[in-house]
Amino acid sequence: MDPVRNPYAPGAGQRPPELAGRDRELHQFEVVLERVARGRPERSMVLTGLRGVGKTVLLNTFKSMAMQRLWGTGKIEARPDQSIRRPVAASLHMAIRELAPRHRAPERIEEFLGVLKAFAMRDPAAAKGTSHWSPGIDVPASRGRADSGDLEIDLTELFVDAAGVATDLGVGIALFIDEMQDVQAPDISALCAACHELSQTGGPLIVVGAGLPHLPSVLSASKSYSERLFRYARIDRLDRDAADLALIAPAEREAVEFTPEALDALYEAADGYPYFVQAYGKVAWDLAPRSPITVDDIKVSAPEAEEELAVGFFGSRYERATPAERDYMHAMAQLGDDPVPTSDVAESLGRKPSSLSPARDSLIKKGLIYSAERGVIGFTVPHFGRFLRAQPL
Ligand SMILES: Nc1ncnc2c1ncn2[C@@H]1O[C@H](COP(=O)(O)OP(=O)(O)OP(=O)(O)O)[C@@H](O)[C@H]1O
Ligand SMILES: [Mg+2]
């Protein structure tokens, strides 16, 4: 059928044509926004889940919800090799720019921007002259606030001041952090401390995160009270109804239908994983001659969808691993699809567990595997074990 009208959207962070099966999370976030705006004590939310389950898409939806309530919003994507100081500064700058036109006292905004600039300028990388942040803030940097160089103190002061500006307007500020497991350890600790401080003063600023399944353990290793700061929402595969809805609703808008057998076959193939739902749906649409899309259309199109996933979704990640890391992952794959004890992996490779920790740690850093509990590891990518078992060694 007409590829131009194809509604499906496989791709990182691509907004799906229908956000299926996330009503509970959306409702929870509504409540968070409402309570924070009213100065009620509330834990912020952190989304966790495997690759391709829809964390980024949901985070972006949360951001839109906050914007609809006229909140100031900013978003960053954490990187393992980068301090969050400048990204946080840039995103808070965005948030304040959203609020500024409605603020009645321009000097309050200017005052805050001066603090923000001072905060950003304390970036160690900038001090070495290796890079410059050109924030486009044309007020002079202020002194004595958020510029101590200690990120915990500086973030706390910056957040309190930003929350103050939002309070003037009766709204809040939401800062979204994607790939939050990649925030460096000292920065995570500073961030938790700043959120903790803010939760005590009731300031309307929240940090909303998304990351891999081990993010809660990263946070609690950093600050024991992190469980009281964040409500963890595990984002998972779509159940049968939601997966069907994700396919049917967008098609209906184009006057296209699926036969029930086609939906059975698609659920079997995609296993409810949102990325796979989009990928199989997209190819099925393109290859089906007409509506309704039948089970035969799925049979014809599935190999092509699998091929695309093998290259784009699995292959691109597999290629980032070194030979030693690949051996490690193949050994994991042979042990099954669920998370496995690291000792079993070592045993099947005939090696001492300690001799494998470099490979394991670097796979964790690369975001290919995760360890949510001590001594146990799993693939971050759904169906990755299956993909590896089909690969020649
Ligand atoms: N609720 C949903 N219903 C239907 N499709 C969805 C849903 N959520 C996400 N998708 C689709 O799934 C794909 C992956 O979404 P997204 O990039 O948000 O996943 P992610 O969890 O952030 O993955 P990663 O860990 O790789 O960053 C996208 O193509 C998106 O359109
Ligand atoms: Mg993502």
# chains A, B, ... in the order shown; residues from 1 in each chain; ligands from 1
$ residues_around --residues "A:Pro303" --least-positions-apart "5" --cutoff "12 Å" --atoms "only C-alpha atoms" --output "PyMOL selection string"
chain A and resi 269+279-280+283-284+287+297-298+308-310
$ write_last_selection --atoms "N, CA and C atoms" --output "tab-separated table (two decimals), in the first residue's frame"
chain	number	residue	atom	x	y	z
A	269	ALA	N	5.35	-12.05	16.36
A	269	ALA	CA	6.65	-11.59	15.86
A	269	ALA	C	7.23	-10.47	16.73
A	279	ALA	N	8.29	-1.59	13.66
A	279	ALA	CA	9.11	-2.11	12.56
A	279	ALA	C	8.32	-3.11	11.70
A	280	TYR	N	7.66	-4.07	12.35
A	280	TYR	CA	6.88	-5.06	11.58
A	280	TYR	C	5.68	-4.41	10.91
A	283	VAL	N	6.75	-2.48	7.61
A	283	VAL	CA	7.04	-3.29	6.43
A	283	VAL	C	5.77	-3.98	5.92
A	284	ALA	N	4.95	-4.45	6.87
A	284	ALA	CA	3.71	-5.12	6.46
A	284	ALA	C	2.85	-4.17	5.61
A	287	LEU	N	4.30	-3.74	2.06
A	287	LEU	CA	4.26	-4.89	1.16
A	287	LEU	C	2.85	-5.43	0.92
A	297	ASP	N	0.24	-11.52	4.21
A	297	ASP	CA	1.07	-10.31	4.06
A	297	ASP	C	2.14	-10.27	5.15
A	298	ILE	N	1.77	-10.70	6.34
A	298	ILE	CA	2.74	-10.69	7.44
A	298	ILE	C	3.84	-11.71	7.16
A	308	GLU	N	15.82	-5.80	8.51
A	308	GLU	CA	16.05	-4.41	8.90
A	308	GLU	C	16.45	-4.29	10.37
A	309	LEU	N	15.78	-5.08	11.22
A	309	LEU	CA	16.12	-5.06	12.65
A	309	LEU	C	17.54	-5.61	12.86
A	310	ALA	N	17.88	-6.66	12.12
A	310	ALA	CA	19.21	-7.27	12.28
A	310	ALA	C	20.30	-6.26	11.97
$ residues_near_ligand --ligand "ligand 2" --cutoff "10 Å" --atoms "only C-alpha atoms and all ligand atoms" --output "list of chain:residue names"
A:Gly11, A:Ala12, A:Gly13, A:Gln14, A:Gly49, A:Leu50, A:Arg51, A:Gly52, A:Val53, A:Gly54, A:Lys55, A:Thr56, A:Val57, A:Leu58, A:Leu59, A:Asn60, A:Glu77, A:Asp178, A:Glu179, A:Ala210, A:Gly211, A:Leu212
$ atom_distance --atom1 "atom CA of A:Gly39" --atom2 "atom CA of A:Ser226"
19.8 Å
$ residues_around --residues "A:Asp23" --least-positions-apart "2" --cutoff "12 Å" --atoms "only C-alpha atoms" --output "list of chain:residue names"
A:Glu18, A:Leu19, A:Ala20, A:Gly21, A:Glu25, A:Leu26, A:His27, A:Gln28, A:Phe29, A:Glu30, A:Leu58, A:Thr61, A:Phe62, A:Ile235, A:Leu238, A:Ala242
$ write_last_selection --atoms "N, CA, C and O atoms" --output "short mmCIF file (atom, residue, chain, number, x, y, z; two decimals), in the first residue's frame"
data_model
loop_
_atom_site.label_atom_id
_atom_site.label_comp_id
_atom_site.auth_asym_id
_atom_site.auth_seq_id
_atom_site.Cartn_x
_atom_site.Cartn_y
_atom_site.Cartn_z
N GLU A 18 0.40 6.17 17.59
CA GLU A 18 -0.54 5.97 18.70
C GLU A 18 0.28 5.57 19.92
O GLU A 18 1.00 4.57 19.87
N LEU A 19 0.20 6.36 20.98
CA LEU A 19 0.95 6.01 22.19
C LEU A 19 0.08 5.04 22.98
O LEU A 19 -0.76 5.43 23.77
N ALA A 20 0.33 3.75 22.76
CA ALA A 20 -0.56 2.73 23.32
C ALA A 20 -0.06 2.24 24.67
O ALA A 20 1.14 2.17 24.91
N GLY A 21 -0.99 1.92 25.55
CA GLY A 21 -0.66 1.19 26.78
C GLY A 21 0.09 1.98 27.84
O GLY A 21 0.71 1.38 28.71
N GLU A 25 0.94 5.53 33.37
CA GLU A 25 2.07 6.44 33.57
C GLU A 25 1.66 7.89 33.29
O GLU A 25 2.07 8.80 34.00
N LEU A 26 0.84 8.08 32.26
CA LEU A 26 0.41 9.44 31.94
C LEU A 26 -0.42 10.02 33.09
O LEU A 26 -0.24 11.18 33.47
N HIS A 27 -1.27 9.17 33.65
CA HIS A 27 -2.09 9.63 34.76
C HIS A 27 -1.21 9.95 35.97
O HIS A 27 -1.39 10.99 36.63
N GLN A 28 -0.26 9.08 36.25
CA GLN A 28 0.63 9.32 37.38
C GLN A 28 1.36 10.65 37.23
O GLN A 28 1.55 11.40 38.19
N PHE A 29 1.78 10.92 36.01
CA PHE A 29 2.53 12.16 35.82
C PHE A 29 1.63 13.39 35.94
O PHE A 29 2.06 14.43 36.44
N GLU A 30 0.38 13.27 35.50
CA GLU A 30 -0.59 14.34 35.73
C GLU A 30 -0.64 14.71 37.21
O GLU A 30 -0.63 15.88 37.59
N LEU A 58 7.96 8.48 25.90
CA LEU A 58 7.13 8.82 27.05
C LEU A 58 7.66 10.07 27.76
O LEU A 58 6.90 10.95 28.18
N THR A 61 6.58 12.97 25.90
CA THR A 61 5.15 13.22 26.14
C THR A 61 4.95 13.93 27.47
O THR A 61 4.15 14.86 27.58
N PHE A 62 5.70 13.50 28.48
CA PHE A 62 5.65 14.19 29.78
C PHE A 62 6.03 15.66 29.61
O PHE A 62 5.44 16.55 30.20
N ILE A 235 8.86 0.63 32.43
CA ILE A 235 8.18 0.63 31.14
C ILE A 235 8.48 -0.69 30.46
O ILE A 235 9.64 -1.07 30.31
N LEU A 238 4.26 -4.04 25.49
CA LEU A 238 2.83 -3.77 25.47
C LEU A 238 2.08 -5.09 25.58
O LEU A 238 2.52 -6.10 25.02
N ALA A 242 -2.87 -3.52 23.96
CA ALA A 242 -2.16 -2.28 23.64
C ALA A 242 -1.38 -2.42 22.33
O ALA A 242 -1.34 -1.49 21.52
#
$ residues_around --residues "A:Gly312" --least-positions-apart "5" --cutoff "12 Å" --atoms "only C-alpha atoms" --output "PyMOL selection string"
chain A and resi 10-12+275-276+279+305-307+317-319
$ select_by_dssp --residues "stretch 143-341 of chain A" --states "alpha helix (DSSP H)" --output "VMD selection string"
chain A and resid 151 to 168 185 to 201 215 to 222 226 to 229 240 to 252 260 to 270 274 to 287 295 to 308 316 to 318 323 to 334
$ closest_residue --among "A:Val277, A:Ile364, A:Ile76, A:Ala66" --to "ligand 1" --atoms "only C-alpha atoms and all ligand atoms"
A:Val277
$ residues_around --residues "A:Gly74" --least-positions-apart "5" --cutoff "9 Å" --atoms "only C-alpha atoms" --output "list of chain:residue names"
A:Lys63, A:Val88, A:Ala90, A:Ser91, A:Leu92, A:His93, A:Met94, A:Ala95, A:Ile96, A:Ile173, A:Ala174, A:Leu175, A:Phe176, A:Ile177
$ atom_distance --atom1 "atom CA of A:Leu393" --atom2 "atom CA of A:Val311"
16.7 Å
